[in-house]
Amino acid sequence: MKTVSEHETKPSKPTRRRYILLMCVIGLVIAGWSGAWFFGRSVLADQLDAQLRAMKTNGLDLSCSDLAIAGYPFRYEVYCRDLASNDRYGTKGSLGGLNAVALIYNPWHIIFEAKAPASIAEPLSGLLGEMRWDTARASVKFSSSALGAFDAVLSNPEAAFENPASRGLFAAEKAELHLRNAPETADAVDGFVSVDALQLKSLPEFGATIDMRAHVQVTGGAALLAGSNLALLVRQQDGRLPVKLVLFETVLGDSRVAAAGDLAINGDGTVSGKLDLTIGNADGLLDLVEPMFPPQDNSFSLVRSVVQSLKGAETQVDGLPSITLPVAIDQGVIRIGFLTLGRIPPLFSAGT
């Protein structure tokens, strides 16, 4: 019988050396990657501390009961539990928690998740607010010098707000917000908002749910994505920041309200401009909102009489008999002809 020679049964020394060399290389890669991750973690921690100090210097104090950085080996995860804020004007806010995650090889894309509840207390106006939700997530993409895109989705949000004059309670199935640079207009920003199945719980007499969506384009708004303050940006635009309302649409039961037009934000924070307002199935809409008016309020009768007088100008839009009305907004005051419909509160205080 043929025997196996000794050199055929034992691995050669070069093979062992290659194996050892491979293990050493893997060990060096792991050690190098670990060192780079922990170095990046220290840089991130220093940046967070620097940002918190800078905000405190500028009058906004942010704090967490538990701030931690994890995610080794392929990402960074920042956990901030019981986030609290307090600014120089006494406005206080809180958030159950905020988590941020970014892959180590793509730090310009950050995913955020917010934990309920959130609250705000603003002493100057007496505003108090609280909000809850099932999930709240946002995707933030940065360019080299500014925010590139922002997308946020809330599922089953509920909000309650009150001030000395009024109180509101709202709920919805979903709310979304999207911001990005306008692809066809230089230095402009597109904003998209949608709310599904909105309920006005503080108005039980209004039983319908509302679906809303809006598309707004702010000319010169790219600076907002770079962190500019809205009031400062308006002043830099000679006290008038153009805003195009590409679409605003509200669906209430079998009725529809849509608006589009050109607006501007003034230096005092008010809004001015002109819109085309289209009301589909106006009679159904009036029947929905009538219970919200006091029985002795003559304004509702006036609105109904105006609508009835325009019946002859109805056209079919998306299968609904629709009326189109010109709307003028002058420093926040909304008017259709001689009829004043209400007032849009200033977006910021003059001198802010």
# chains A, B, ... in the order shown; residues from 1 in each chain; ligands from 1
$ residues_around --residues "segment 102-109 of chain A" --least-positions-apart "2" --cutoff "7 Å" --atoms "only C-alpha atoms" --output "PyMOL selection string"
chain A and resi 74-77+100+111+140-142
$ select_by_dssp --residues "segment 28-163 of chain A" --states "strand (DSSP E or B)" --output "MDAnalysis selection string"
chainID A and resid 60:63 66:70 75:87 92:103 106:122 127:132 135:142 147:155 158:162
$ closest_residue --among "A:Arg132, A:Leu124, A:Ile344, A:Ala138" --to "Asn99 of chain A" --atoms "only C-alpha atoms"
A:Ala138
$ atom_distance --atom1 "atom CA of Arg88 of chain A" --atom2 "atom CA of Thr57 of chain A"
10.0 Å
$ residues_around --residues "Ala159 of chain A" --least-positions-apart "2" --cutoff "10 Å" --atoms "only C-alpha atoms" --output "list in words"
Pro117, Ala118, Ser119, Gly129, Glu130, Met131, Arg132, Trp133, Pro157, Phe161, Gly168, Leu169, Phe170, Ala171, Ala172 and Lys201 of chain A
$ closest_residue --among "A:Ala160, A:Val25, A:Leu154, A:Val303" --to "Leu128 of chain A" --atoms "only C-alpha atoms"
A:Ala160
$ residues_around --residues "Phe150 of chain A" --least-positions-apart "2" --cutoff "6 Å" --atoms "only C-alpha atoms" --output "ChimeraX atom specification"
/A:139-140,178-179
$ residues_around --residues "segment 269-283 of chain A" --least-positions-apart "5" --cutoff "9 Å" --atoms "only C-alpha atoms" --output "compact mmCIF listing (two decimals) with N, CA and C atoms, in the first residue's frame"
# COMPACT_ATOMS: atom_id res chain seq x y z
N ALA A 231 -37.81 86.83 9.32
CA ALA A 231 -37.93 88.28 9.44
C ALA A 231 -36.72 88.99 8.82
N VAL A 234 -36.97 88.88 4.99
CA VAL A 234 -37.93 89.85 4.47
C VAL A 234 -37.30 91.24 4.42
N LEU A 245 -48.56 81.03 -4.20
CA LEU A 245 -49.41 79.92 -3.78
C LEU A 245 -49.79 79.15 -5.03
N ASP A 254 -68.53 66.45 0.29
CA ASP A 254 -68.72 66.53 -1.16
C ASP A 254 -68.33 67.90 -1.71
N SER A 255 -67.73 68.73 -0.89
CA SER A 255 -67.37 70.09 -1.32
C SER A 255 -65.85 70.23 -1.42
N ARG A 256 -65.44 71.23 -2.18
CA ARG A 256 -64.02 71.46 -2.41
C ARG A 256 -63.76 72.96 -2.45
N VAL A 257 -62.68 73.38 -1.79
CA VAL A 257 -62.25 74.78 -1.83
C VAL A 257 -60.80 74.80 -2.30
N ALA A 258 -60.51 75.56 -3.33
CA ALA A 258 -59.15 75.64 -3.86
C ALA A 258 -58.79 77.10 -4.07
N ALA A 259 -57.49 77.41 -3.96
CA ALA A 259 -57.03 78.78 -4.15
C ALA A 259 -55.64 78.76 -4.77
N ALA A 260 -55.33 79.79 -5.54
CA ALA A 260 -54.01 79.96 -6.13
C ALA A 260 -53.81 81.44 -6.42
N GLY A 261 -52.56 81.89 -6.36
CA GLY A 261 -52.30 83.30 -6.64
C GLY A 261 -50.95 83.72 -6.12
N ASP A 262 -50.71 85.02 -6.17
CA ASP A 262 -49.42 85.61 -5.77
C ASP A 262 -49.60 86.40 -4.48
N LEU A 263 -48.72 86.10 -3.51
CA LEU A 263 -48.74 86.76 -2.21
C LEU A 263 -47.36 87.35 -1.92
N ALA A 264 -47.28 88.06 -0.81
CA ALA A 264 -46.00 88.60 -0.35
C ALA A 264 -46.05 88.73 1.16
N LEU A 288 -72.43 72.66 5.76
CA LEU A 288 -71.47 72.12 6.72
C LEU A 288 -71.06 73.15 7.76
N ARG A 304 -74.32 83.61 2.51
CA ARG A 304 -75.19 82.78 1.69
C ARG A 304 -75.83 83.59 0.57
N VAL A 307 -73.29 84.09 -2.17
CA VAL A 307 -73.11 82.86 -2.94
C VAL A 307 -74.28 82.63 -3.89
N GLN A 308 -75.49 82.85 -3.41
CA GLN A 308 -76.66 82.64 -4.25
C GLN A 308 -76.66 83.60 -5.43
N GLN A 316 -68.43 73.91 -14.32
CA GLN A 316 -68.10 72.58 -13.85
C GLN A 316 -66.58 72.43 -13.72
N VAL A 317 -66.11 72.12 -12.52
CA VAL A 317 -64.69 71.89 -12.26
C VAL A 317 -64.57 70.55 -11.53
N ASP A 318 -63.90 69.58 -12.16
CA ASP A 318 -63.75 68.24 -11.59
C ASP A 318 -65.10 67.63 -11.22
N GLY A 319 -66.11 67.90 -12.05
CA GLY A 319 -67.42 67.30 -11.83
C GLY A 319 -68.28 68.01 -10.81
N LEU A 320 -67.83 69.14 -10.26
CA LEU A 320 -68.61 69.87 -9.26
C LEU A 320 -69.01 71.24 -9.81
N PRO A 321 -70.26 71.69 -9.54
CA PRO A 321 -70.62 73.06 -9.89
C PRO A 321 -69.80 74.02 -9.02
N SER A 322 -69.01 74.89 -9.66
CA SER A 322 -68.02 75.67 -8.92
C SER A 322 -68.14 77.17 -9.21
N ILE A 323 -67.81 77.95 -8.20
CA ILE A 323 -67.81 79.40 -8.30
C ILE A 323 -66.38 79.88 -8.06
N THR A 324 -65.88 80.77 -8.90
CA THR A 324 -64.54 81.33 -8.74
C THR A 324 -64.68 82.80 -8.33
N LEU A 325 -64.01 83.15 -7.24
CA LEU A 325 -64.10 84.49 -6.68
C LEU A 325 -62.71 85.10 -6.53
N PRO A 326 -62.57 86.40 -6.80
CA PRO A 326 -61.30 87.08 -6.54
C PRO A 326 -61.21 87.45 -5.06
N VAL A 327 -60.09 87.11 -4.45
CA VAL A 327 -59.87 87.39 -3.03
C VAL A 327 -58.69 88.36 -2.91
N ALA A 328 -58.86 89.40 -2.12
CA ALA A 328 -57.79 90.36 -1.85
C ALA A 328 -57.38 90.25 -0.39
N ILE A 329 -56.07 90.22 -0.16
CA ILE A 329 -55.53 90.18 1.19
C ILE A 329 -54.67 91.41 1.38
N ASP A 330 -55.02 92.25 2.32
CA ASP A 330 -54.31 93.49 2.58
C ASP A 330 -53.81 93.49 4.02
N GLN A 331 -52.50 93.28 4.17
CA GLN A 331 -51.87 93.20 5.50
C GLN A 331 -52.63 92.25 6.41
N GLY A 332 -52.93 91.09 5.87
CA GLY A 332 -53.57 90.03 6.65
C GLY A 332 -55.08 90.03 6.62
N VAL A 333 -55.73 91.13 6.20
CA VAL A 333 -57.19 91.20 6.17
C VAL A 333 -57.69 90.61 4.86
N ILE A 334 -58.56 89.58 4.96
CA ILE A 334 -59.06 88.86 3.79
C ILE A 334 -60.42 89.43 3.40
N ILE A 344 -55.48 86.98 8.72
CA ILE A 344 -54.36 86.07 8.89
C ILE A 344 -53.40 86.68 9.91
N PRO A 345 -53.09 86.00 11.01
CA PRO A 345 -52.17 86.58 12.00
C PRO A 345 -50.79 86.81 11.39
N PRO A 346 -50.05 87.80 11.89
CA PRO A 346 -48.69 88.04 11.38
C PRO A 346 -47.81 86.81 11.59
N LEU A 347 -46.93 86.54 10.63
CA LEU A 347 -46.04 85.41 10.72
C LEU A 347 -44.90 85.66 11.70
N PHE A 348 -44.62 86.90 12.00
CA PHE A 348 -43.64 87.28 13.02
C PHE A 348 -43.96 88.71 13.46
N SER A 349 -43.44 89.09 14.61
CA SER A 349 -43.69 90.43 15.13
C SER A 349 -42.74 91.43 14.47
N ALA A 350 -43.24 92.60 14.19
CA ALA A 350 -42.40 93.65 13.61
C ALA A 350 -41.26 93.96 14.57
